[in-house]
>>> print(open('protein-v9.cif').read())   # mmCIF, N, CA and C atoms
data_final
#
loop_
_atom_site.label_atom_id
_atom_site.label_comp_id
_atom_site.auth_asym_id
_atom_site.auth_seq_id
_atom_site.Cartn_x
_atom_site.Cartn_y
_atom_site.Cartn_z
N MET S 1145 22.34 17.56 8.81
CA MET S 1145 20.98 17.34 8.39
C MET S 1145 20.49 16.00 8.94
N ASP S 1146 19.39 16.02 9.66
CA ASP S 1146 18.81 14.79 10.20
C ASP S 1146 17.90 14.16 9.16
N PHE S 1147 17.89 12.84 9.12
CA PHE S 1147 17.03 12.12 8.21
C PHE S 1147 15.76 11.70 8.93
N TYR S 1148 14.70 11.53 8.18
CA TYR S 1148 13.42 11.16 8.76
C TYR S 1148 13.37 9.66 9.03
N GLU S 1149 12.74 9.31 10.11
CA GLU S 1149 12.54 7.92 10.50
C GLU S 1149 11.12 7.79 11.02
N LYS S 1150 10.65 6.55 11.14
CA LYS S 1150 9.33 6.33 11.71
C LYS S 1150 9.31 6.88 13.13
N GLY S 1151 8.24 7.56 13.47
CA GLY S 1151 8.08 8.11 14.81
C GLY S 1151 8.76 9.44 15.04
N LYS S 1152 9.52 9.93 14.08
CA LYS S 1152 10.22 11.20 14.24
C LYS S 1152 9.28 12.36 13.93
N THR S 1153 9.43 13.43 14.66
CA THR S 1153 8.61 14.62 14.45
C THR S 1153 9.03 15.33 13.18
N ILE S 1154 8.03 15.79 12.45
CA ILE S 1154 8.28 16.56 11.24
C ILE S 1154 7.44 17.83 11.34
N SER S 1155 8.00 18.94 10.95
CA SER S 1155 7.24 20.19 10.97
C SER S 1155 7.46 20.91 9.66
N PHE S 1156 6.45 21.65 9.24
CA PHE S 1156 6.55 22.42 8.01
C PHE S 1156 5.56 23.57 8.07
N ARG S 1157 5.76 24.55 7.21
CA ARG S 1157 4.89 25.72 7.14
C ARG S 1157 3.87 25.51 6.02
N LEU S 1158 2.65 25.95 6.29
CA LEU S 1158 1.64 25.91 5.24
C LEU S 1158 1.99 26.98 4.21
N PRO S 1159 1.81 26.68 2.93
CA PRO S 1159 2.12 27.68 1.90
C PRO S 1159 1.20 28.90 2.03
N GLN S 1160 1.67 30.02 1.54
CA GLN S 1160 0.90 31.26 1.59
C GLN S 1160 -0.42 31.15 0.82
N ASN S 1161 -0.45 30.31 -0.19
CA ASN S 1161 -1.66 30.17 -1.01
C ASN S 1161 -2.60 29.07 -0.52
N THR S 1162 -2.45 28.62 0.72
CA THR S 1162 -3.34 27.60 1.28
C THR S 1162 -4.76 28.17 1.37
N PRO S 1163 -5.74 27.45 0.81
CA PRO S 1163 -7.12 27.95 0.84
C PRO S 1163 -7.62 28.15 2.28
N LYS S 1164 -8.44 29.15 2.46
CA LYS S 1164 -8.97 29.47 3.77
C LYS S 1164 -9.78 28.30 4.32
N SER S 1165 -10.50 27.60 3.45
CA SER S 1165 -11.31 26.46 3.90
C SER S 1165 -10.44 25.36 4.50
N VAL S 1166 -9.26 25.16 3.94
CA VAL S 1166 -8.33 24.15 4.48
C VAL S 1166 -7.83 24.58 5.85
N ILE S 1167 -7.46 25.84 5.98
CA ILE S 1167 -6.97 26.35 7.27
C ILE S 1167 -8.06 26.25 8.33
N GLU S 1168 -9.30 26.61 7.97
CA GLU S 1168 -10.41 26.51 8.92
C GLU S 1168 -10.64 25.06 9.35
N HIS S 1169 -10.58 24.15 8.39
CA HIS S 1169 -10.76 22.73 8.71
C HIS S 1169 -9.65 22.24 9.65
N LEU S 1170 -8.43 22.60 9.36
CA LEU S 1170 -7.31 22.21 10.22
C LEU S 1170 -7.50 22.76 11.64
N ASN S 1171 -7.90 24.00 11.75
CA ASN S 1171 -8.11 24.59 13.07
C ASN S 1171 -9.23 23.89 13.83
N LYS S 1172 -10.33 23.56 13.15
CA LYS S 1172 -11.43 22.84 13.81
C LYS S 1172 -10.97 21.47 14.30
N ARG S 1173 -10.23 20.76 13.46
CA ARG S 1173 -9.75 19.42 13.85
C ARG S 1173 -8.77 19.52 15.00
N LYS S 1174 -7.93 20.54 15.02
CA LYS S 1174 -6.96 20.73 16.11
C LYS S 1174 -7.69 20.95 17.43
N ILE S 1175 -8.75 21.76 17.39
CA ILE S 1175 -9.53 22.02 18.61
C ILE S 1175 -10.22 20.74 19.06
N THR S 1176 -10.81 20.01 18.13
CA THR S 1176 -11.55 18.80 18.46
C THR S 1176 -10.64 17.69 18.97
N LEU S 1177 -9.52 17.49 18.31
CA LEU S 1177 -8.65 16.35 18.62
C LEU S 1177 -7.56 16.66 19.65
N GLY S 1178 -7.20 17.90 19.79
CA GLY S 1178 -6.15 18.27 20.74
C GLY S 1178 -4.84 17.59 20.42
N ARG S 1179 -4.31 16.84 21.38
CA ARG S 1179 -3.00 16.18 21.20
C ARG S 1179 -3.04 15.06 20.18
N ASN S 1180 -4.22 14.56 19.85
CA ASN S 1180 -4.34 13.48 18.86
C ASN S 1180 -4.43 14.00 17.42
N PHE S 1181 -4.29 15.30 17.25
CA PHE S 1181 -4.39 15.92 15.93
C PHE S 1181 -3.41 15.31 14.94
N SER S 1182 -2.18 15.12 15.38
CA SER S 1182 -1.16 14.60 14.45
C SER S 1182 -1.46 13.17 14.02
N ARG S 1183 -2.17 12.40 14.86
CA ARG S 1183 -2.54 11.03 14.47
C ARG S 1183 -3.49 11.02 13.29
N GLU S 1184 -4.27 12.07 13.16
CA GLU S 1184 -5.19 12.16 12.02
C GLU S 1184 -4.50 12.75 10.80
N ILE S 1185 -3.63 13.71 11.00
CA ILE S 1185 -2.99 14.41 9.89
C ILE S 1185 -1.85 13.58 9.28
N ALA S 1186 -1.10 12.87 10.08
CA ALA S 1186 0.06 12.12 9.58
C ALA S 1186 -0.32 11.13 8.47
N PRO S 1187 -1.38 10.30 8.64
CA PRO S 1187 -1.73 9.39 7.54
C PRO S 1187 -2.11 10.12 6.25
N LEU S 1188 -2.74 11.29 6.38
CA LEU S 1188 -3.08 12.07 5.18
C LEU S 1188 -1.82 12.55 4.48
N PHE S 1189 -0.84 12.98 5.25
CA PHE S 1189 0.43 13.44 4.72
C PHE S 1189 1.15 12.29 4.00
N VAL S 1190 1.21 11.13 4.66
CA VAL S 1190 1.89 9.97 4.08
C VAL S 1190 1.18 9.53 2.80
N LYS S 1191 -0.16 9.52 2.82
CA LYS S 1191 -0.92 9.12 1.64
C LYS S 1191 -0.64 10.07 0.47
N ALA S 1192 -0.57 11.37 0.75
CA ALA S 1192 -0.26 12.34 -0.30
C ALA S 1192 1.12 12.10 -0.89
N ILE S 1193 2.09 11.77 -0.05
CA ILE S 1193 3.44 11.47 -0.54
C ILE S 1193 3.42 10.20 -1.39
N GLU S 1194 2.70 9.18 -0.93
CA GLU S 1194 2.60 7.93 -1.70
C GLU S 1194 1.98 8.19 -3.08
N GLU S 1195 0.93 9.00 -3.11
CA GLU S 1195 0.30 9.33 -4.40
C GLU S 1195 1.28 10.08 -5.30
N SER S 1196 2.08 10.94 -4.72
CA SER S 1196 3.08 11.67 -5.49
C SER S 1196 4.11 10.70 -6.08
N LEU S 1197 4.51 9.71 -5.30
CA LEU S 1197 5.45 8.71 -5.79
C LEU S 1197 4.85 7.89 -6.92
N GLU S 1198 3.58 7.56 -6.79
CA GLU S 1198 2.90 6.80 -7.86
C GLU S 1198 2.91 7.59 -9.16
N LYS S 1199 2.63 8.89 -9.06
CA LYS S 1199 2.60 9.73 -10.25
C LYS S 1199 3.99 9.88 -10.86
N SER S 1200 5.02 9.77 -10.03
CA SER S 1200 6.38 9.94 -10.54
C SER S 1200 6.90 8.67 -11.21
N GLY S 1201 6.12 7.61 -11.20
CA GLY S 1201 6.51 6.40 -11.90
C GLY S 1201 6.94 5.26 -11.01
N GLU S 1202 7.02 5.47 -9.70
CA GLU S 1202 7.36 4.35 -8.82
C GLU S 1202 6.21 3.37 -8.82
N LYS S 1203 6.52 2.11 -8.98
CA LYS S 1203 5.49 1.10 -9.11
C LYS S 1203 5.10 0.57 -7.73
N THR S 1204 3.87 0.86 -7.33
CA THR S 1204 3.34 0.38 -6.06
C THR S 1204 1.90 -0.05 -6.25
N ILE S 1205 1.42 -0.86 -5.34
CA ILE S 1205 0.01 -1.22 -5.31
C ILE S 1205 -0.47 -1.10 -3.87
N SER S 1206 -1.76 -0.92 -3.72
CA SER S 1206 -2.37 -0.89 -2.39
C SER S 1206 -3.25 -2.12 -2.26
N ILE S 1207 -3.10 -2.82 -1.16
CA ILE S 1207 -3.87 -4.03 -0.92
C ILE S 1207 -4.77 -3.79 0.29
N PRO S 1208 -6.09 -3.91 0.11
CA PRO S 1208 -6.97 -3.73 1.27
C PRO S 1208 -6.73 -4.85 2.29
N LEU S 1209 -6.71 -4.48 3.54
CA LEU S 1209 -6.48 -5.44 4.61
C LEU S 1209 -7.78 -5.71 5.36
N PRO S 1210 -7.89 -6.89 5.97
CA PRO S 1210 -9.08 -7.17 6.77
C PRO S 1210 -9.19 -6.18 7.93
N PRO S 1211 -10.40 -5.78 8.27
CA PRO S 1211 -10.56 -4.76 9.32
C PRO S 1211 -10.26 -5.26 10.73
N ASP S 1212 -10.23 -6.57 10.94
CA ASP S 1212 -10.09 -7.11 12.29
C ASP S 1212 -8.66 -7.52 12.64
N LEU S 1213 -7.66 -6.93 12.01
CA LEU S 1213 -6.27 -7.26 12.33
C LEU S 1213 -5.90 -6.68 13.69
N THR S 1214 -5.10 -7.43 14.43
CA THR S 1214 -4.64 -6.96 15.74
C THR S 1214 -3.49 -5.97 15.54
N THR S 1215 -3.12 -5.31 16.61
CA THR S 1215 -1.99 -4.38 16.56
C THR S 1215 -0.71 -5.12 16.20
N ASP S 1216 -0.51 -6.31 16.77
CA ASP S 1216 0.69 -7.10 16.44
C ASP S 1216 0.72 -7.46 14.96
N GLN S 1217 -0.41 -7.84 14.42
CA GLN S 1217 -0.46 -8.19 13.00
C GLN S 1217 -0.17 -6.98 12.13
N MET S 1218 -0.72 -5.82 12.49
CA MET S 1218 -0.45 -4.60 11.72
C MET S 1218 1.02 -4.21 11.81
N ASN S 1219 1.61 -4.34 13.00
CA ASN S 1219 3.03 -4.04 13.16
C ASN S 1219 3.87 -4.97 12.30
N TRP S 1220 3.50 -6.25 12.26
CA TRP S 1220 4.23 -7.21 11.44
C TRP S 1220 4.12 -6.84 9.97
N LEU S 1221 2.91 -6.51 9.51
CA LEU S 1221 2.71 -6.15 8.11
C LEU S 1221 3.44 -4.86 7.74
N ASN S 1222 3.57 -3.94 8.68
CA ASN S 1222 4.22 -2.66 8.41
C ASN S 1222 5.74 -2.71 8.52
N SER S 1223 6.28 -3.83 8.95
CA SER S 1223 7.74 -3.91 9.08
C SER S 1223 8.39 -3.95 7.70
N SER S 1224 9.56 -3.38 7.58
CA SER S 1224 10.25 -3.35 6.29
C SER S 1224 10.60 -4.76 5.82
N TYR S 1225 10.88 -5.67 6.77
CA TYR S 1225 11.20 -7.05 6.40
C TYR S 1225 10.00 -7.71 5.73
N THR S 1226 8.81 -7.54 6.31
CA THR S 1226 7.60 -8.15 5.75
C THR S 1226 7.29 -7.56 4.38
N LYS S 1227 7.43 -6.25 4.25
CA LYS S 1227 7.16 -5.61 2.97
C LYS S 1227 8.13 -6.13 1.90
N SER S 1228 9.37 -6.30 2.27
CA SER S 1228 10.36 -6.84 1.34
C SER S 1228 10.01 -8.28 0.95
N LEU S 1229 9.60 -9.07 1.93
CA LEU S 1229 9.22 -10.46 1.67
C LEU S 1229 8.01 -10.52 0.74
N LEU S 1230 7.00 -9.70 0.99
CA LEU S 1230 5.81 -9.69 0.15
C LEU S 1230 6.15 -9.21 -1.26
N SER S 1231 7.04 -8.22 -1.35
CA SER S 1231 7.46 -7.72 -2.66
C SER S 1231 8.16 -8.83 -3.46
N GLN S 1232 9.03 -9.57 -2.80
CA GLN S 1232 9.72 -10.69 -3.46
C GLN S 1232 8.73 -11.75 -3.91
N LEU S 1233 7.75 -12.04 -3.07
CA LEU S 1233 6.75 -13.05 -3.38
C LEU S 1233 5.94 -12.62 -4.61
N ILE S 1234 5.51 -11.37 -4.65
CA ILE S 1234 4.74 -10.87 -5.79
C ILE S 1234 5.58 -10.92 -7.06
N TYR S 1235 6.84 -10.48 -6.96
CA TYR S 1235 7.74 -10.51 -8.11
C TYR S 1235 7.85 -11.93 -8.65
N HIS S 1236 8.03 -12.87 -7.75
CA HIS S 1236 8.21 -14.27 -8.15
C HIS S 1236 6.94 -14.82 -8.79
N VAL S 1237 5.80 -14.56 -8.19
CA VAL S 1237 4.53 -15.07 -8.71
C VAL S 1237 4.27 -14.51 -10.11
N VAL S 1238 4.58 -13.25 -10.32
CA VAL S 1238 4.32 -12.61 -11.61
C VAL S 1238 5.33 -13.04 -12.67
N ASN S 1239 6.61 -13.11 -12.32
CA ASN S 1239 7.66 -13.32 -13.32
C ASN S 1239 8.22 -14.73 -13.42
N LYS S 1240 8.07 -15.51 -12.40
CA LYS S 1240 8.74 -16.81 -12.41
C LYS S 1240 7.81 -17.92 -11.94
N GLN S 1241 6.63 -17.99 -12.56
CA GLN S 1241 5.66 -19.01 -12.16
C GLN S 1241 6.23 -20.41 -12.39
N GLY S 1242 5.97 -21.28 -11.45
CA GLY S 1242 6.38 -22.67 -11.60
C GLY S 1242 7.79 -22.98 -11.17
N SER S 1243 8.58 -21.99 -10.77
CA SER S 1243 9.94 -22.26 -10.32
C SER S 1243 10.03 -22.06 -8.81
N PRO S 1244 10.99 -22.71 -8.16
CA PRO S 1244 11.10 -22.59 -6.70
C PRO S 1244 11.34 -21.16 -6.27
N PHE S 1245 10.84 -20.85 -5.09
CA PHE S 1245 10.98 -19.50 -4.55
C PHE S 1245 12.11 -19.48 -3.54
N VAL S 1246 13.05 -18.54 -3.69
CA VAL S 1246 14.18 -18.40 -2.79
C VAL S 1246 13.89 -17.27 -1.82
N PHE S 1247 13.84 -17.57 -0.52
CA PHE S 1247 13.56 -16.56 0.49
C PHE S 1247 14.84 -15.85 0.92
N GLY S 1248 14.68 -14.59 1.34
CA GLY S 1248 15.76 -13.88 2.01
C GLY S 1248 16.80 -13.25 1.13
N GLU S 1249 16.57 -13.14 -0.16
CA GLU S 1249 17.53 -12.49 -1.03
C GLU S 1249 16.83 -11.43 -1.86
N ASP S 1250 17.56 -10.42 -2.27
CA ASP S 1250 17.00 -9.41 -3.15
C ASP S 1250 16.74 -10.02 -4.51
N VAL S 1251 15.72 -9.49 -5.19
CA VAL S 1251 15.38 -9.97 -6.53
C VAL S 1251 16.58 -9.83 -7.45
N GLN S 1252 17.32 -8.73 -7.34
CA GLN S 1252 18.49 -8.52 -8.19
C GLN S 1252 19.53 -9.61 -7.97
N GLN S 1253 19.75 -10.00 -6.71
CA GLN S 1253 20.71 -11.06 -6.42
C GLN S 1253 20.27 -12.37 -7.05
N ILE S 1254 18.98 -12.67 -6.99
CA ILE S 1254 18.46 -13.90 -7.58
C ILE S 1254 18.67 -13.87 -9.09
N ASP S 1255 18.33 -12.75 -9.73
CA ASP S 1255 18.52 -12.63 -11.18
C ASP S 1255 19.98 -12.80 -11.55
N ASN S 1256 20.89 -12.20 -10.78
CA ASN S 1256 22.32 -12.33 -11.06
C ASN S 1256 22.77 -13.78 -10.96
N ARG S 1257 22.31 -14.47 -9.94
CA ARG S 1257 22.70 -15.88 -9.78
C ARG S 1257 22.14 -16.73 -10.91
N GLN S 1258 20.90 -16.45 -11.32
CA GLN S 1258 20.32 -17.24 -12.41
C GLN S 1258 21.06 -16.96 -13.71
N SER S 1259 21.42 -15.71 -13.94
CA SER S 1259 22.12 -15.38 -15.17
C SER S 1259 23.52 -16.00 -15.21
N GLU S 1260 24.12 -16.20 -14.05
CA GLU S 1260 25.43 -16.84 -13.97
C GLU S 1260 25.29 -18.35 -13.94
N LYS S 1261 24.06 -18.85 -13.96
CA LYS S 1261 23.76 -20.28 -13.97
C LYS S 1261 24.36 -21.00 -12.76
N VAL S 1262 24.24 -20.38 -11.61
CA VAL S 1262 24.66 -21.04 -10.38
C VAL S 1262 23.60 -22.09 -10.08
N GLN S 1263 24.00 -23.33 -9.86
CA GLN S 1263 23.06 -24.42 -9.71
C GLN S 1263 22.42 -24.49 -8.34
N GLU S 1264 23.18 -24.12 -7.30
CA GLU S 1264 22.68 -24.34 -5.96
C GLU S 1264 22.69 -23.03 -5.17
N VAL S 1265 21.54 -22.68 -4.63
CA VAL S 1265 21.41 -21.48 -3.81
C VAL S 1265 20.99 -21.94 -2.42
N LYS S 1266 21.85 -21.68 -1.44
CA LYS S 1266 21.54 -22.08 -0.07
C LYS S 1266 21.24 -20.84 0.74
N THR S 1267 20.00 -20.76 1.20
CA THR S 1267 19.61 -19.67 2.09
C THR S 1267 18.77 -20.25 3.21
N THR S 1268 18.77 -19.59 4.31
CA THR S 1268 17.96 -20.00 5.44
C THR S 1268 16.95 -18.91 5.72
N PHE S 1269 15.70 -19.32 5.79
CA PHE S 1269 14.64 -18.37 6.11
C PHE S 1269 14.46 -18.37 7.61
N LYS S 1270 14.75 -17.23 8.24
CA LYS S 1270 14.64 -17.10 9.69
C LYS S 1270 13.58 -16.06 10.01
N VAL S 1271 12.77 -16.36 11.00
CA VAL S 1271 11.75 -15.40 11.42
C VAL S 1271 11.89 -15.16 12.91
N ASN S 1272 11.46 -13.97 13.34
CA ASN S 1272 11.47 -13.71 14.77
C ASN S 1272 10.24 -14.37 15.41
N SER S 1273 10.12 -14.30 16.72
CA SER S 1273 9.04 -15.01 17.41
C SER S 1273 7.67 -14.47 17.03
N THR S 1274 7.55 -13.16 16.80
CA THR S 1274 6.25 -12.58 16.43
C THR S 1274 5.83 -13.10 15.06
N THR S 1275 6.75 -13.11 14.12
CA THR S 1275 6.45 -13.61 12.79
C THR S 1275 6.11 -15.09 12.84
N GLY S 1276 6.90 -15.86 13.57
CA GLY S 1276 6.65 -17.29 13.71
C GLY S 1276 5.28 -17.57 14.29
N SER S 1277 4.91 -16.80 15.30
CA SER S 1277 3.61 -16.96 15.93
C SER S 1277 2.49 -16.63 14.95
N PHE S 1278 2.65 -15.54 14.19
CA PHE S 1278 1.66 -15.14 13.20
C PHE S 1278 1.49 -16.24 12.15
N ILE S 1279 2.59 -16.76 11.65
CA ILE S 1279 2.54 -17.81 10.63
C ILE S 1279 1.87 -19.06 11.19
N GLN S 1280 2.24 -19.44 12.41
CA GLN S 1280 1.67 -20.62 13.04
C GLN S 1280 0.17 -20.49 13.19
N LYS S 1281 -0.29 -19.33 13.66
CA LYS S 1281 -1.72 -19.11 13.91
C LYS S 1281 -2.53 -19.06 12.62
N ASN S 1282 -1.95 -18.48 11.57
CA ASN S 1282 -2.73 -18.21 10.37
C ASN S 1282 -2.52 -19.17 9.21
N PHE S 1283 -1.36 -19.81 9.15
CA PHE S 1283 -1.08 -20.62 7.98
C PHE S 1283 -0.75 -22.08 8.28
N LEU S 1284 -0.36 -22.40 9.51
CA LEU S 1284 0.10 -23.74 9.80
C LEU S 1284 -0.82 -24.48 10.77
N ASP S 1285 -2.07 -24.10 10.83
CA ASP S 1285 -3.02 -24.74 11.73
C ASP S 1285 -3.77 -25.82 10.95
N PHE S 1286 -3.28 -27.05 11.06
CA PHE S 1286 -3.88 -28.16 10.32
C PHE S 1286 -4.76 -29.03 11.18
N ASP S 1287 -5.11 -28.58 12.39
CA ASP S 1287 -5.96 -29.37 13.29
C ASP S 1287 -7.32 -29.67 12.66
N ASP S 1288 -7.80 -28.77 11.81
CA ASP S 1288 -9.12 -28.97 11.17
C ASP S 1288 -9.13 -30.17 10.24
N ASP S 1289 -7.96 -30.52 9.69
CA ASP S 1289 -7.87 -31.60 8.71
C ASP S 1289 -7.99 -32.99 9.35
N ASP S 1290 -7.83 -33.09 10.65
CA ASP S 1290 -7.83 -34.39 11.31
C ASP S 1290 -9.22 -34.92 11.60
N ASP S 1291 -10.26 -34.15 11.35
CA ASP S 1291 -11.62 -34.57 11.66
C ASP S 1291 -12.09 -35.69 10.78
#
>>> encode(input="protein-v9.cif", output="structure tokens")
Amino acid sequence: MDFYEKGKTISFRLPQNTPKSVIEHLNKRKITLGRNFSREIAPLFVKAIEESLEKSGEKTISIPLPPDLTTDQMNWLNSSYTKSLLSQLIYHVVNKQGSPFVFGEDVQQIDNRQSEKVQEVKTTFKVNSTTGSFIQKNFLDFDDDDD
């Protein structure tokens, strides 16, 4: 059994009870979009799965993004590392206000260390060149302050 990954092809059959209006719409979009049809359908499929997960009790939020993000910025935001980092940041802001933030560890690992009263946590936050460039451009530009 193969597992699904980003960019992997997925195929499925429409259920027998699929409304005729849905089938007609799909056929019209297929004719209009041709090879780009899957680019339109895939986000709808993913959104439906995300909504299903929300209903099942998985805790998620959606954050609107600025419309003028570049492809590199979107790729950075969509990386699993960035999502994990943002998740840790949100967890920390909500649950541990006023205490230092430890980068690069799972929330569970941090909780375990705190419960064991370990005094010193040494971690190194490392970023790749794309992330470093993004941070430099968006958060570390202090040239305006020198005026």
>>> atom_distance(input="protein-v9.cif", atom1="CA of Lys1203 in chain S", atom2="CA of Tyr1235 in chain S")
11.9 Å
>>> residues_around(input="protein-v9.cif", residues="Ser1206 in chain S", least_positions_apart="6", cutoff="12 Å", atoms="only C-alpha atoms", output="list in words")
Lys1191, Glu1194, Glu1195, Glu1198, Lys1227 and Ser1231 of chain S
>>> write_last_selection(input="protein-v9.cif", atoms="N, CA and C atoms", output="PDB file, in the frame of the given file")
ATOM      1  N   LYS S1191      -0.160   9.520   2.820  1.00  0.00           N
ATOM      2  CA  LYS S1191      -0.920   9.120   1.640  1.00  0.00           C
ATOM      3  C   LYS S1191      -0.640  10.070   0.470  1.00  0.00           C
ATOM      4  N   GLU S1194       2.700   9.180  -0.930  1.00  0.00           N
ATOM      5  CA  GLU S1194       2.600   7.930  -1.700  1.00  0.00           C
ATOM      6  C   GLU S1194       1.980   8.190  -3.080  1.00  0.00           C
ATOM      7  N   GLU S1195       0.930   9.000  -3.110  1.00  0.00           N
ATOM      8  CA  GLU S1195       0.300   9.330  -4.400  1.00  0.00           C
ATOM      9  C   GLU S1195       1.280  10.080  -5.300  1.00  0.00           C
ATOM     10  N   GLU S1198       3.580   7.560  -6.790  1.00  0.00           N
ATOM     11  CA  GLU S1198       2.900   6.800  -7.860  1.00  0.00           C
ATOM     12  C   GLU S1198       2.910   7.590  -9.160  1.00  0.00           C
ATOM     13  N   LYS S1227       7.430  -6.250   4.250  1.00  0.00           N
ATOM     14  CA  LYS S1227       7.160  -5.610   2.970  1.00  0.00           C
ATOM     15  C   LYS S1227       8.130  -6.130   1.900  1.00  0.00           C
ATOM     16  N   SER S1231       7.040  -8.220  -1.350  1.00  0.00           N
ATOM     17  CA  SER S1231       7.460  -7.720  -2.660  1.00  0.00           C
ATOM     18  C   SER S1231       8.160  -8.830  -3.460  1.00  0.00           C
TER      19      SER S1231
END
>>> atom_distance(input="protein-v9.cif", atom1="CA of Ser1155 in chain S", atom2="CA of Glu1168 in chain S")
18.9 Å
